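A.B. asks: This is target-v8.cif, which holds mmCIF, C-alpha atoms:
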data_target
loop_
_atom_site.label_atom_id
_atom_site.label_comp_id
_atom_site.auth_asym_id
_atom_site.auth_seq_id
_atom_site.Cartn_x
_atom_site.Cartn_y
_atom_site.Cartn_z
CA MET I 160 0.00 0.00 0.00
CA LYS I 161 2.81 2.39 0.93
CA HIS I 162 4.70 1.77 -2.32
CA ARG I 163 1.49 2.22 -4.30
CA LEU I 164 0.92 5.63 -2.69
CA LEU I 165 4.45 6.75 -3.47
CA ARG I 166 3.82 6.05 -7.15
CA THR I 167 1.05 8.65 -7.31
CA PRO I 168 2.26 12.01 -8.70
CA ILE I 169 1.41 14.28 -5.73
CA ILE I 170 2.66 11.90 -3.03
CA SER I 171 5.83 11.26 -5.04
CA ARG I 172 6.55 14.95 -5.38
CA ILE I 173 6.01 15.58 -1.67
CA ASN I 174 8.26 12.64 -0.82
CA TYR I 175 11.00 13.81 -3.21
CA PHE I 176 10.68 17.41 -1.98
CA PHE I 177 11.81 16.43 1.52
CA THR I 178 13.98 13.36 0.83
CA ASN I 179 15.44 13.62 -2.67
CA GLN I 180 15.60 17.17 -4.03
CA THR I 181 17.63 16.11 -7.07
CA ARG I 182 14.88 13.75 -8.19
CA PHE I 183 12.24 16.35 -7.27
CA PHE I 184 13.68 19.00 -9.58
CA LYS I 185 14.35 16.48 -12.36
CA LEU I 186 10.57 16.22 -12.63
CA TYR I 187 10.47 19.93 -13.49
CA SER I 188 13.41 19.61 -15.87
CA GLU I 189 11.50 17.02 -17.84
CA LYS I 190 8.10 18.74 -17.59
CA PRO I 191 8.33 22.35 -16.37
CA LYS I 192 5.14 23.34 -14.54
CA PHE I 193 4.51 26.27 -12.23
CA ILE I 194 0.79 27.18 -12.19
CA PHE I 195 -0.24 24.95 -9.26
CA ASN I 196 2.77 25.83 -7.08
CA LEU I 197 2.31 29.55 -7.73
CA PHE I 198 -1.43 29.30 -7.06
CA PHE I 199 -0.82 27.54 -3.74
CA HIS I 200 1.62 30.25 -2.64
CA ILE I 201 -0.84 32.98 -3.63
CA LEU I 202 -3.67 31.18 -1.80
CA VAL I 203 -1.67 30.94 1.45
CA SER I 204 -0.62 34.60 1.14
CA VAL I 205 -4.19 35.79 0.54
CA LEU I 206 -5.55 33.75 3.46
CA SER I 207 -2.88 35.27 5.70
CA ILE I 208 -4.27 38.74 4.93
CA PHE I 209 -7.48 37.99 6.83
CA VAL I 210 -5.55 36.88 9.92
CA LEU I 211 -2.60 39.28 9.91
CA ASN I 212 -4.68 42.21 8.64
CA ASN I 213 -1.79 42.76 6.24
CA ALA I 214 0.05 45.29 8.37
CA GLU I 215 3.05 45.41 6.01
CA ILE I 216 1.01 46.69 3.06
CA LYS I 217 -0.81 49.19 5.26
CA ASN I 218 2.46 50.49 6.67
CA TYR I 219 3.82 50.85 3.15
CA ILE I 220 0.75 52.83 2.04
CA ARG I 221 0.83 55.03 5.14
CA THR I 222 4.53 55.76 4.59
CA ILE I 223 3.79 56.95 1.05
CA ILE I 224 0.95 59.15 2.32
CA ASN I 225 3.07 60.60 5.13
CA ASN I 226 5.79 61.51 2.65
CA GLU I 227 3.28 63.25 0.38
CA LYS I 228 2.83 66.72 1.90
CA ASN I 229 0.30 67.98 -0.68
CA LEU I 230 -2.50 65.65 0.44
CA ASN I 231 -5.26 67.11 2.59
CA ILE I 232 -7.12 65.22 5.33
CA LYS I 233 -10.09 64.36 3.09
CA SER I 234 -7.87 62.96 0.33
CA THR I 235 -5.82 61.02 2.87
CA ASN I 236 -8.93 59.41 4.40
CA THR I 237 -10.27 58.51 0.95
CA ILE I 238 -6.99 56.82 -0.04
CA LEU I 239 -6.81 54.95 3.27
CA ASN I 240 -10.41 53.73 3.00
CA ILE I 241 -9.78 52.36 -0.48
CA SER I 242 -6.34 50.91 0.22
CA TYR I 243 -7.44 49.26 3.49
CA SER I 244 -10.34 47.46 1.83
CA PRO I 245 -10.04 43.64 1.61
CA MET I 246 -10.37 43.64 -2.19
CA PHE I 247 -7.53 46.13 -2.60
CA LEU I 248 -5.28 44.25 -0.15
CA ILE I 249 -5.94 40.93 -1.88
CA GLY I 250 -5.41 42.42 -5.35
CA PHE I 251 -2.21 44.16 -4.23
CA LYS I 252 -0.88 40.94 -2.68
CA ILE I 253 -1.63 38.86 -5.80
CA PHE I 254 -0.04 41.49 -8.05
CA THR I 255 3.14 41.75 -5.94
CA ILE I 256 3.57 37.96 -5.77
CA ILE I 257 3.12 37.45 -9.52
CA PHE I 258 5.27 40.48 -10.39
CA SER I 259 8.09 39.57 -7.99
CA THR I 260 8.02 35.93 -9.16
CA LEU I 261 8.31 36.93 -12.82
CA ILE I 262 11.10 39.44 -12.11
CA MET I 263 12.99 37.01 -9.86
CA SER I 264 12.77 34.28 -12.50
CA MET I 265 13.95 36.73 -15.16
CA ILE I 266 17.01 37.60 -13.06
CA PHE I 267 17.82 33.90 -12.55
CA LEU I 268 17.29 33.28 -16.28
CA PHE I 269 19.80 36.05 -17.04
CA LEU I 270 22.20 34.37 -14.60
CA ILE I 271 22.04 30.93 -16.23
CA LYS I 272 22.30 32.48 -19.70
CA LEU I 273 25.59 34.03 -18.61
CA PHE I 274 26.79 30.45 -18.13
CA LYS I 275 25.56 29.40 -21.59
CA SER I 276 22.55 27.38 -20.44
CA ARG I 277 19.95 26.48 -23.08
CA LYS I 278 17.11 26.15 -20.60
CA GLN I 279 14.11 28.41 -21.10
CA TYR I 280 12.25 30.86 -18.88
CA LYS I 281 9.59 28.27 -18.03
CA HIS I 282 12.23 25.99 -16.49
CA VAL I 283 13.50 28.75 -14.17
CA LEU I 284 9.95 29.77 -13.31
CA SER I 285 9.16 26.16 -12.39
CA VAL I 286 12.17 26.00 -10.04
CA VAL I 287 11.26 29.25 -8.29
CA CYS I 288 7.58 28.32 -7.82
CA ALA I 289 8.44 24.80 -6.65
CA SER I 290 10.78 26.30 -4.03
CA TYR I 291 8.03 28.59 -2.72
CA TYR I 292 6.68 25.93 -0.35
CA PHE I 293 9.11 26.93 2.40
CA VAL I 294 7.94 30.54 2.14
CA SER I 295 4.34 29.31 2.35
CA ILE I 296 5.18 27.28 5.45
CA GLN I 297 6.66 30.42 7.00
CA LYS I 298 3.44 32.35 6.31
CA ILE I 299 1.35 29.61 7.92
CA ILE I 300 3.59 29.65 11.02
CA ASN I 301 3.35 33.47 11.15
CA VAL I 302 -0.43 33.26 11.05
CA VAL I 303 -0.51 30.75 13.92
CA TYR I 304 2.00 32.85 15.89
CA GLN I 305 -0.01 36.05 15.44
CA ILE I 306 -3.24 34.31 16.45
CA LEU I 307 -1.63 33.04 19.65
CA ASN I 308 0.19 36.26 20.54
CA LYS I 309 -2.05 38.93 18.99
CA GLU I 310 0.85 41.37 18.84
CA ASN I 311 0.58 44.59 16.87
CA ASN I 312 3.16 45.52 14.29
CA ASN I 313 5.23 48.42 15.60
CA ARG I 314 7.37 50.66 13.41
CA ASN I 315 8.22 53.08 16.20
CA SER I 316 11.19 51.11 17.51
CA SER I 317 14.75 52.40 17.12
CA ALA I 318 16.18 52.76 13.62
CA ILE I 319 18.83 50.05 13.98
CA LEU I 320 16.32 47.57 15.44
CA THR I 321 13.91 48.32 12.60
CA ILE I 322 16.57 47.62 9.96
CA VAL I 323 17.60 44.39 11.71
CA ASP I 324 13.94 43.37 11.97
CA ASP I 325 13.40 43.96 8.22
CA ILE I 326 16.53 41.94 7.39
CA PHE I 327 15.41 38.99 9.51
CA LYS I 328 11.93 39.14 7.97
CA ASN I 329 13.55 38.59 4.59
CA TYR I 330 16.37 36.28 5.67
CA ASN I 331 15.34 33.54 8.07
CA ILE I 332 15.49 29.75 8.06
CA PHE I 333 12.59 29.50 5.59
CA THR I 334 13.79 32.09 3.08
CA LEU I 335 17.35 30.75 3.30
CA THR I 336 16.00 27.26 2.62
CA PHE I 337 14.09 28.72 -0.34
CA ILE I 338 17.36 30.12 -1.70
CA ILE I 339 19.12 26.77 -1.16
CA PHE I 340 16.32 24.98 -3.03
CA VAL I 341 16.58 27.46 -5.90
CA ILE I 342 20.32 26.75 -6.10
CA ILE I 343 19.69 22.98 -6.11
CA GLY I 344 16.89 23.37 -8.64
CA LEU I 345 18.91 25.47 -11.06
CA TYR I 346 21.84 23.09 -10.71
CA VAL I 347 19.69 20.02 -11.47
CA VAL I 348 17.73 21.64 -14.30
CA THR I 349 20.57 23.49 -16.05
CA HIS I 350 23.59 21.25 -15.22
CA ILE I 351 25.68 24.39 -14.63
CA ASP I 352 28.57 24.09 -12.19
CA LYS I 353 27.20 24.43 -8.66
CA ILE I 354 29.92 26.90 -7.56
CA LYS I 355 28.99 29.25 -10.41
CA ILE I 356 25.30 29.15 -9.47
CA ILE I 357 26.05 29.71 -5.76
CA THR I 358 28.35 32.65 -6.56
CA GLY I 359 25.81 34.24 -8.90
CA ILE I 360 22.90 33.91 -6.47
CA LEU I 361 25.02 35.19 -3.56
CA LEU I 362 25.77 38.35 -5.55
CA ILE I 363 22.07 38.75 -6.32
CA GLU I 364 21.16 38.33 -2.64
CA ILE I 365 23.79 40.88 -1.56
CA ILE I 366 22.19 43.41 -3.91
CA ASN I 367 18.77 42.43 -2.53
CA LEU I 368 20.04 42.92 1.04
CA ILE I 369 21.23 46.43 0.20
CA MET I 370 17.81 47.21 -1.27
CA ILE I 371 16.09 45.91 1.88
CA VAL I 372 18.16 48.22 4.09
CA PHE I 373 17.56 51.16 1.74
CA THR I 374 13.78 50.50 1.62
CA SER I 375 13.69 50.16 5.40
CA ILE I 376 15.38 53.56 5.78
CA LEU I 377 12.88 55.14 3.36
CA SER I 378 10.02 53.98 5.60
CA PHE I 379 11.46 55.67 8.71
CA ASN I 380 9.63 58.41 10.53
CA THR I 381 11.46 61.53 11.80
CA GLU I 382 12.34 60.01 15.18
CA GLN I 383 13.85 56.93 13.57
CA LEU I 384 15.92 59.02 11.15
CA ILE I 385 17.34 60.99 14.09
CA SER I 386 18.03 57.70 15.90
CA LEU I 387 19.84 56.33 12.83
CA LYS I 388 21.93 59.50 12.50
CA LYS I 389 22.99 59.29 16.16
CA ALA I 390 23.86 55.58 15.79
CA LEU I 391 26.02 56.27 12.68
CA LEU I 392 27.78 59.15 14.41
CA SER I 393 28.53 56.93 17.40
CA ILE I 394 29.99 54.25 15.12
CA LEU I 395 32.18 56.84 13.36
CA LYS I 396 33.45 58.16 16.69
CA ILE I 397 34.32 54.63 17.87
CA GLY I 398 36.12 53.98 14.60
#
Can you turn what I pasted into structure tokens?

C.D. replies:
Amino acid sequence: MKHRLLRTPIISRINYFFTNQTRFFKLYSEKPKFIFNLFFHILVSVLSIFVLNNAEIKNYIRTIINNEKNLNIKSTNTILNISYSPMFLIGFKIFTIIFSTLIMSMIFLFLIKLFKSRKQYKHVLSVVCASYYFVSIQKIINVVYQILNKENNNRNSSAILTIVDDIFKNYNIFTLTFIIFVIIGLYVVTHIDKIKIITGILLIEIINLIMIVFTSILSFNTEQLISLKKALLSILKIG
């Protein structure tokens, strides 16, 4: 019975995902597919909106509004009412996931083309979407954690702590595992030297890390900017 179950496509893929990643990604090398994996990730992300109230998107919108000095109170309230609506939050989340997935896959495609790979965009897209399961697991854990703790998202902490918090949101055990799976997937699908793939993706992630820090600084309020300035001055004095 057990062996019969393992022969079924879904059970086989789940089994290979955790026990034999090489075999798992060979399935996508032979038949690149990404619709179901991408849909599952979108579904988990959308469901998390109703539990987490999507504080990150709301903070992003409020930061834009706060930086726009020409808006009056009426215009601000109108924008907030629209942007805080469930339909807008869901649409924004779906758009950002699809857009970021396509851009990320395009960057990885450019990387493998530098190493003379003949694999197509659909192969890279399949690897990225198949690796998304760890990110989805992280979202599910975050939902459970927020339900149990009911903590509010706070952007009024010190500047350095805010930057560190944003870095760890983007680089934790789940996102790092996602990156490792992408490396394995690209290696299996393209047959490019593993060291070349690791080096290329590390460079991409360093650029991404710089962008995370820069974006985090852009979202600071006045108090946090003053806090960051004081911290930098202290570091310069120590040096």

A.B. asks: Evaluate the PyMOL selection byres ((chain I and resi 295) around 12) against this structure - the residues, as a PyMOL selection string, please.

C.D. replies: chain I and resi 196-207+256+288-294+296-302+333-334+336-337

A.B. asks: List as an mmCIF file with C-alpha atoms, in the frame of the given file: which residues have an atom within 9 Å of (21.2, 22.4, -18.1), counting all atoms listed in the file?

C.D. replies:
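Below you can see point27.cif, which holds the result:
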data_model
loop_
_atom_site.group_PDB
_atom_site.id
_atom_site.type_symbol
_atom_site.label_atom_id
_atom_site.label_comp_id
_atom_site.auth_asym_id
_atom_site.auth_seq_id
_atom_site.Cartn_x
_atom_site.Cartn_y
_atom_site.Cartn_z
ATOM 1 C CA SER I 188 13.410 19.610 -15.870
ATOM 2 C CA ILE I 271 22.040 30.930 -16.230
ATOM 3 C CA LYS I 275 25.560 29.400 -21.590
ATOM 4 C CA SER I 276 22.550 27.380 -20.440
ATOM 5 C CA ARG I 277 19.950 26.480 -23.080
ATOM 6 C CA LYS I 278 17.110 26.150 -20.600
ATOM 7 C CA LEU I 345 18.910 25.470 -11.060
ATOM 8 C CA TYR I 346 21.840 23.090 -10.710
ATOM 9 C CA VAL I 347 19.690 20.020 -11.470
ATOM 10 C CA VAL I 348 17.730 21.640 -14.300
ATOM 11 C CA THR I 349 20.570 23.490 -16.050
ATOM 12 C CA HIS I 350 23.590 21.250 -15.220
ATOM 13 C CA ILE I 351 25.680 24.390 -14.630
#

A.B. asks: List the residues sitting within 12 Å of (5.2, 23.7, -15.8) in the file's frame, using all atoms listed in the file, as a count of residues only.

C.D. replies: 24

A.B. asks: Tell me which protein, DNA and RNA residues are within 10 Å of Phe209 of chain I, counting all atoms listed in the file, leaving out same-chain ones fewer than 6 positions away, and put them as a PyMOL selection string.

C.D. replies: chain I and resi 245+248-249+302

A.B. asks: In Å, how far is it from atom CA of Leu270 of chain I to atom CA of Phe373 of chain I?

C.D. replies: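 We find that atom CA of Leu270 of chain I and atom CA of Phe373 of chain I lie 23.9 Å from each other.
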
A.B. asks: I want to know what sits within 12 Å of Leu361 of chain I, based on only C-alpha atoms, with residues of the same chain fewer than 6 positions away left out; could you give that as JSON, numbers by chain?

C.D. replies: {"I": [267, 270, 335, 338, 339, 341, 342, 354, 355, 367, 368]}

A.B. asks: What is the distance between atom CA of Phe177 of chain I and atom CA of Ile356 of chain I, in Å to one decimal?

C.D. replies: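 Calculated distance between atom CA of Phe177 of chain I and atom CA of Ile356 of chain I is 21.6 Å.
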